[in-house]
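To be precise, the following lines are structure-v4.txt, and they hold compact mmCIF, C-alpha atoms and all ligand atoms.
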```
# COMPACT_ATOMS: atom_id res chain seq x y z
CA MET A 1 0.00 0.00 0.00
CA ASN A 2 1.13 3.50 -0.83
CA ALA A 3 2.57 5.18 2.26
CA LYS A 4 0.62 8.39 1.84
CA PHE A 5 -2.62 6.52 1.44
CA LEU A 6 -1.86 4.47 4.50
CA VAL A 7 -1.22 7.64 6.52
CA CYS A 8 -4.53 9.03 5.26
CA SER A 9 -6.40 5.92 6.32
CA VAL A 10 -4.75 5.76 9.73
CA ILE A 11 -4.97 9.42 10.71
CA PHE A 12 -8.49 10.09 9.43
CA GLY A 13 -10.87 7.22 9.74
CA THR A 14 -13.90 9.25 8.74
CA VAL A 15 -15.89 9.33 5.53
CA ALA A 16 -15.33 13.07 5.00
CA SER A 17 -11.58 12.88 5.23
CA ALA A 18 -11.51 9.72 3.18
CA ALA A 19 -12.81 11.90 0.34
CA VAL A 20 -9.95 14.34 0.83
CA CYS A 21 -7.49 11.48 0.80
CA ALA A 22 -9.06 10.03 -2.33
CA LYS A 23 -8.47 13.38 -3.99
CA ASP A 24 -4.79 13.21 -3.00
CA VAL A 25 -4.54 9.78 -4.55
CA VAL A 26 -6.09 11.02 -7.78
CA THR A 27 -3.62 13.93 -7.91
CA ALA A 28 -0.72 11.58 -7.21
CA ARG A 29 -1.67 9.03 -9.82
CA GLN A 30 -2.29 11.65 -12.50
CA ALA A 31 1.15 13.11 -11.74
CA ASP A 32 2.67 9.61 -12.00
CA MET A 33 0.95 9.06 -15.35
CA LYS A 34 2.30 12.39 -16.64
CA ALA A 35 5.80 11.47 -15.48
CA MET A 36 5.50 8.10 -17.24
CA ALA A 37 4.38 9.88 -20.41
CA ALA A 38 7.49 12.11 -20.28
CA ALA A 39 9.73 9.09 -19.72
CA THR A 40 8.07 7.26 -22.61
CA LYS A 41 8.67 10.24 -24.86
CA SER A 42 12.35 10.35 -23.93
CA ILE A 43 12.81 6.65 -24.78
CA ALA A 44 10.80 6.99 -28.01
CA GLY A 45 13.08 9.83 -29.10
CA MET A 46 16.17 7.65 -28.66
CA PHE A 47 14.72 4.81 -30.70
CA LYS A 48 13.76 7.27 -33.39
CA GLU A 49 17.22 8.87 -33.45
CA PRO A 50 19.67 6.22 -32.16
CA SER A 51 22.56 8.71 -32.21
CA THR A 52 20.82 10.48 -29.32
CA TYR A 53 20.88 7.29 -27.22
CA ARG A 54 22.09 7.99 -23.68
CA PRO A 55 22.10 4.76 -21.66
CA VAL A 56 21.89 6.48 -18.27
CA GLU A 57 18.94 8.59 -19.33
CA PHE A 58 17.30 5.63 -21.05
CA LYS A 59 17.64 3.50 -17.93
CA HIS A 60 16.46 6.32 -15.70
CA SER A 61 13.28 6.66 -17.79
CA ALA A 62 12.71 2.90 -17.78
CA ASP A 63 13.24 2.74 -14.02
CA LEU A 64 10.85 5.64 -13.49
CA ILE A 65 8.10 3.78 -15.36
CA GLY A 66 8.93 0.57 -13.50
CA ASP A 67 8.72 2.34 -10.14
CA LYS A 68 5.28 3.75 -10.94
CA ALA A 69 3.91 0.53 -12.48
CA GLY A 70 2.91 -2.73 -10.82
CA ARG A 71 1.88 -2.54 -7.18
CA VAL A 72 2.20 1.26 -6.96
CA LEU A 73 -0.17 1.75 -9.89
CA ILE A 74 -2.56 -0.90 -8.59
CA ASP A 75 -2.72 0.70 -5.13
CA HIS A 76 -3.43 4.09 -6.69
CA PHE A 77 -6.69 2.67 -8.00
CA ALA A 78 -7.70 0.76 -4.91
CA ARG A 79 -11.26 0.68 -3.60
CA GLU A 80 -12.97 4.02 -2.95
CA ALA A 81 -10.07 5.87 -4.51
CA ALA A 82 -10.74 4.21 -7.86
CA THR A 83 -13.35 6.75 -8.86
CA SER A 84 -13.69 10.45 -8.06
CA SER A 85 -15.14 13.50 -9.74
CA ASP A 86 -11.62 14.79 -10.55
CA SER A 87 -10.72 11.53 -12.14
CA LYS A 88 -11.08 10.05 -15.59
CA ALA A 89 -10.82 6.51 -14.24
CA LYS A 90 -13.79 4.32 -15.17
CA PRO A 91 -15.71 2.44 -12.45
CA ASN A 92 -15.22 -0.91 -14.23
CA ILE A 93 -11.70 -1.03 -12.72
CA ILE A 94 -13.33 -2.33 -9.54
CA ASP A 95 -15.20 -5.11 -11.35
CA GLU A 96 -12.26 -6.08 -13.51
CA ARG A 97 -9.59 -5.95 -10.87
CA GLU A 98 -7.54 -8.86 -12.20
CA ARG A 99 -7.44 -7.58 -15.74
CA PHE A 100 -6.49 -4.07 -14.64
CA ASP A 101 -3.81 -5.38 -12.28
CA ARG A 102 -2.34 -7.61 -14.98
CA LEU A 103 -1.88 -4.59 -17.25
CA ALA A 104 -0.19 -2.69 -14.42
CA ASN A 105 2.15 -5.64 -13.84
CA ASP A 106 2.86 -6.08 -17.56
CA LEU A 107 3.90 -2.44 -17.64
CA LYS A 108 6.43 -3.15 -14.91
CA SER A 109 7.82 -6.18 -16.76
CA TYR A 110 8.33 -4.20 -19.97
CA ALA A 111 9.98 -1.36 -18.07
CA GLY A 112 12.29 -3.90 -16.43
CA ALA A 113 13.26 -5.32 -19.83
CA LEU A 114 14.08 -1.81 -21.06
CA ALA A 115 16.20 -1.03 -18.01
CA ALA A 116 18.11 -4.30 -18.51
CA ALA A 117 18.70 -3.44 -22.17
CA ALA A 118 20.24 -0.11 -21.16
CA GLU A 119 22.55 -1.90 -18.74
CA ASN A 120 23.58 -4.38 -21.41
CA ASN A 121 24.22 -1.60 -23.93
CA PRO A 122 26.25 0.96 -22.00
CA THR A 123 27.66 2.90 -24.96
CA THR A 124 25.62 2.89 -28.14
CA MET A 125 22.23 1.58 -29.18
CA THR A 126 23.27 -1.69 -30.73
CA ASP A 127 21.34 -3.57 -33.39
CA SER A 128 20.35 -6.09 -30.75
CA MET A 129 18.15 -3.38 -29.24
CA ARG A 130 16.38 -2.65 -32.52
CA MET A 131 13.46 -4.45 -34.06
CA LYS A 132 14.39 -6.47 -37.12
CA PRO A 133 12.84 -5.42 -40.44
CA GLY A 134 9.49 -7.14 -40.74
CA GLU A 135 9.21 -7.83 -37.04
CA ALA A 136 5.56 -7.27 -36.34
CA MET A 137 4.72 -4.04 -34.57
CA GLY A 138 1.42 -5.30 -33.30
CA GLY A 139 2.85 -7.65 -30.74
CA GLY A 140 3.99 -10.12 -33.40
CA PRO A 141 3.96 -13.82 -32.73
CA LEU A 142 4.17 -13.17 -29.01
CA GLY A 143 0.92 -11.30 -28.87
CA THR A 144 0.42 -8.29 -26.66
CA HIS A 145 1.03 -10.18 -23.46
CA VAL A 146 4.48 -11.61 -22.93
CA ARG A 147 4.16 -14.54 -20.62
CA SER A 148 7.54 -14.90 -19.02
CA GLU A 149 10.50 -12.76 -18.10
CA GLU A 150 12.68 -15.16 -20.05
CA GLN A 151 10.67 -14.69 -23.21
CA LEU A 152 10.74 -10.96 -22.64
CA SER A 153 14.52 -10.81 -22.33
CA SER A 154 14.87 -12.58 -25.67
CA ILE A 155 13.10 -9.89 -27.70
CA PRO A 156 14.73 -6.62 -28.80
CA ALA A 157 14.24 -3.66 -26.47
CA GLU A 158 12.43 -1.76 -29.19
CA HIS A 159 9.87 -4.54 -29.42
CA ALA A 160 9.44 -4.51 -25.64
CA PHE A 161 8.95 -0.76 -25.90
CA HIS A 162 6.14 -1.17 -28.44
CA LEU A 163 4.48 -3.77 -26.27
CA MET A 164 4.76 -1.33 -23.38
CA LEU A 165 3.07 1.41 -25.39
CA GLN A 166 0.30 -1.01 -26.26
CA THR A 167 -0.15 -1.70 -22.57
CA CYS A 168 -0.67 2.03 -21.94
CA THR A 169 -3.19 2.19 -24.79
CA THR A 170 -5.01 -0.99 -23.87
CA CYS A 171 -5.50 0.15 -20.30
CA HIS A 172 -6.61 3.63 -21.33
CA SER A 173 -9.11 2.41 -23.89
CA ARG A 174 -10.77 0.18 -21.33
CA TYR A 175 -10.35 2.05 -18.06
CA ARG A 176 -10.02 5.74 -18.84
CA MET A 177 -12.78 8.05 -20.00
CA GLU A 178 -12.37 9.87 -23.30
C1 LIG B 201 -3.32 -0.40 -15.78
C2 LIG B 201 -3.88 0.76 -16.45
C3 LIG B 201 -2.99 1.84 -16.99
C4 LIG B 201 -1.76 1.73 -17.56
C5 LIG B 201 -0.96 0.47 -17.82
C6 LIG B 201 -1.36 3.07 -17.93
N1 LIG B 201 -2.32 3.97 -17.59
FE1 LIG B 201 -2.24 5.98 -17.89
N2 LIG B 201 -4.07 6.18 -16.99
C7 LIG B 201 -4.84 5.14 -16.50
C8 LIG B 201 -6.05 5.68 -15.91
C9 LIG B 201 -7.18 4.85 -15.30
C10 LIG B 201 -5.98 7.07 -16.05
C11 LIG B 201 -6.98 8.11 -15.52
C12 LIG B 201 -6.53 8.48 -14.10
C13 LIG B 201 -7.41 9.50 -13.40
O1 LIG B 201 -7.82 10.50 -14.04
O2 LIG B 201 -7.67 9.30 -12.21
C14 LIG B 201 -4.72 7.36 -16.75
C15 LIG B 201 -4.27 8.63 -17.10
C16 LIG B 201 -3.13 8.91 -17.84
C17 LIG B 201 -2.72 10.22 -18.26
C18 LIG B 201 -3.47 11.53 -17.97
C19 LIG B 201 -3.02 12.06 -16.60
C20 LIG B 201 -3.74 13.35 -16.20
O3 LIG B 201 -3.05 14.34 -15.96
O4 LIG B 201 -4.97 13.35 -16.11
C21 LIG B 201 -1.55 10.08 -18.97
C22 LIG B 201 -0.72 11.17 -19.63
C23 LIG B 201 -1.22 8.65 -18.97
N3 LIG B 201 -2.21 7.98 -18.27
C24 LIG B 201 -0.09 8.10 -19.55
C25 LIG B 201 0.25 6.75 -19.48
C26 LIG B 201 1.42 6.17 -20.10
C27 LIG B 201 2.44 6.94 -20.94
C28 LIG B 201 1.39 4.84 -19.83
C29 LIG B 201 2.36 3.78 -20.24
C30 LIG B 201 3.77 4.01 -20.05
C31 LIG B 201 0.20 4.60 -19.02
N4 LIG B 201 -0.47 5.77 -18.84
C32 LIG B 201 -0.16 3.35 -18.55
C33 LIG B 201 -4.54 3.80 -16.55
C34 LIG B 201 -3.34 3.27 -17.01
```
Show me this structure written as structure tokens.
Amino acid sequence: MNAKFLVCSVIFGTVASAAVCAKDVVTARQADMKAMAAATKSIAGMFKEPSTYRPVEFKHSADLIGDKAGRVLIDHFAREAATSSDSKAKPNIIDERERFDRLANDLKSYAGALAAAAENNPTTMTDSMRMKPGEAMGGGPLGTHVRSEEQLSSIPAEHAFHLMLQTCTTCHSRYRME
């Protein structure tokens, strides 16, 4: 559980302050999403222009997404905090908990694969990081959900990046209002 949320729940046990805390959670998760969008943009720019590849920056962006994905993301949409008037989150998150959580965890796996790629390529963006010509953009033979870490580490980082972007889009199309 997110520390701030825990503090909220412990200090104020009342319905009125729970609403205030829920608002904090919405602000926090929207800020996290914006930070992930900036990190995604930074990585996308390096794939687009490999000469601009900076491994430290690349890894930092991947780690940022990884830190805000998985459990942290899941807890940001827990129970009463899932919906709020300031939020664009859809109420079906509550009913489709497992599906939502899986997307949050997939996001973390892809971010982890990207961080590992930066560690393994400490100078330039090697061809091993790039998608091969003809490699399907739409998830390819692996589909949009990569089942194991092992399988994930065997695909080029650029492919993992596209799968990550699909995870953002898939979650938004199902769980975020237009
Ligand atoms: C598991 C679901 C899920 C995943 C994965 C996800 N998002 Fe989101 N995202 C949401 C939801 C739900 C909202 C609406 C949050 C709200 O308004 O309370 C949102 C909102 C946003 C926003 C708008 C924030 C604002 O200021 O209102 C941005 C930008 C964003 N996401 C970017 C991303 C990016 C980039 C990724 C992938 C790296 C990503 N998201 C992955 C569920 C997800």
With all atoms listed in the file counted, collect every polymer residue having an atom within 8 Å of ligand LIG 201 (chain B); state the result as a PyMOL selection string.
chain A and resi 26-27+29-40+65+69+73-74+77+82-84+86-90+93+100-107+164-172+175-177
Give as number ranges by chain each residue that has an atom at most 9 Å from (19.3, 3.8, -29.3) in the file, counting all atoms listed in the file.
A: 43, 45-55, 58, 124-127, 129-130, 158
Could you please give me, as a PDB file with C-alpha atoms, keeping the file's coordinate frame, the residues of protein, DNA or RNA lying at most 10 Å from (10.2, -4.6, -16.1) in the coordinate frame of the file, considering only C-alpha atoms?
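point_12.pdb written:
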```
ATOM      1  CA  ALA A  62      12.710   2.900 -17.780  1.00  0.00           C
ATOM      2  CA  ASP A  63      13.240   2.740 -14.020  1.00  0.00           C
ATOM      3  CA  ILE A  65       8.100   3.780 -15.360  1.00  0.00           C
ATOM      4  CA  GLY A  66       8.930   0.570 -13.500  1.00  0.00           C
ATOM      5  CA  ASP A  67       8.720   2.340 -10.140  1.00  0.00           C
ATOM      6  CA  ALA A  69       3.910   0.530 -12.480  1.00  0.00           C
ATOM      7  CA  GLY A  70       2.910  -2.730 -10.820  1.00  0.00           C
ATOM      8  CA  ASN A 105       2.150  -5.640 -13.840  1.00  0.00           C
ATOM      9  CA  ASP A 106       2.860  -6.080 -17.560  1.00  0.00           C
ATOM     10  CA  LEU A 107       3.900  -2.440 -17.640  1.00  0.00           C
ATOM     11  CA  LYS A 108       6.430  -3.150 -14.910  1.00  0.00           C
ATOM     12  CA  SER A 109       7.820  -6.180 -16.760  1.00  0.00           C
ATOM     13  CA  TYR A 110       8.330  -4.200 -19.970  1.00  0.00           C
ATOM     14  CA  ALA A 111       9.980  -1.360 -18.070  1.00  0.00           C
ATOM     15  CA  GLY A 112      12.290  -3.900 -16.430  1.00  0.00           C
ATOM     16  CA  ALA A 113      13.260  -5.320 -19.830  1.00  0.00           C
ATOM     17  CA  LEU A 114      14.080  -1.810 -21.060  1.00  0.00           C
ATOM     18  CA  ALA A 115      16.200  -1.030 -18.010  1.00  0.00           C
ATOM     19  CA  ALA A 116      18.110  -4.300 -18.510  1.00  0.00           C
ATOM     20  CA  GLU A 149      10.500 -12.760 -18.100  1.00  0.00           C
ATOM     21  CA  LEU A 152      10.740 -10.960 -22.640  1.00  0.00           C
ATOM     22  CA  SER A 153      14.520 -10.810 -22.330  1.00  0.00           C
ATOM     23  CA  ALA A 160       9.440  -4.510 -25.640  1.00  0.00           C
ATOM     24  CA  MET A 164       4.760  -1.330 -23.380  1.00  0.00           C
TER      25      MET A 164
END
```
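Atom pair atom CA of Lys59 of chain A / atom CA of Pro156 of chain A has a distance of 15.1 Å (rounded to one decimal).
The gap separating atom CA of Ala117 of chain A from atom CA of Phe161 of chain A is 10.8 Å, in Å to one decimal.
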From A:Ala118, A:Glu150, A:Lys23, A:His76, residue lying nearest Ser61 of chain A [all atoms listed in the file]
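Comparing A:Ala118, A:Glu150, A:Lys23, A:His76 against Ser61 of chain A, the winner is A:Ala118.
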Given the choices A:Gly134, A:Asn121, A:Asp24, A:Glu57, which gets closest to Lys41 of chain A if the distance is worked out from all atoms listed in the file?
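Result for the nearest residue to Lys41 of chain A: A:Glu57.
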Which residue gives the smallest distance to His162 of chain A among A:Thr123, A:Ser128, A:Ala44, A:Cys21, with only C-alpha atoms counted?
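For His162 of chain A, the nearest of the given residues is A:Ala44.
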So what do you get for atom CA of Lys132 of chain A versus atom CA of Leu64 of chain A, distance-wise?
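Straight-line distance from atom CA of Lys132 of chain A to atom CA of Leu64 of chain A works out to 26.8 Å.
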Option closest in space to Val25 of chain A, from A:Glu96, A:Pro133, A:Val72, A:Ser42 [counting only C-alpha atoms]:
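Closest candidate: A:Val72.
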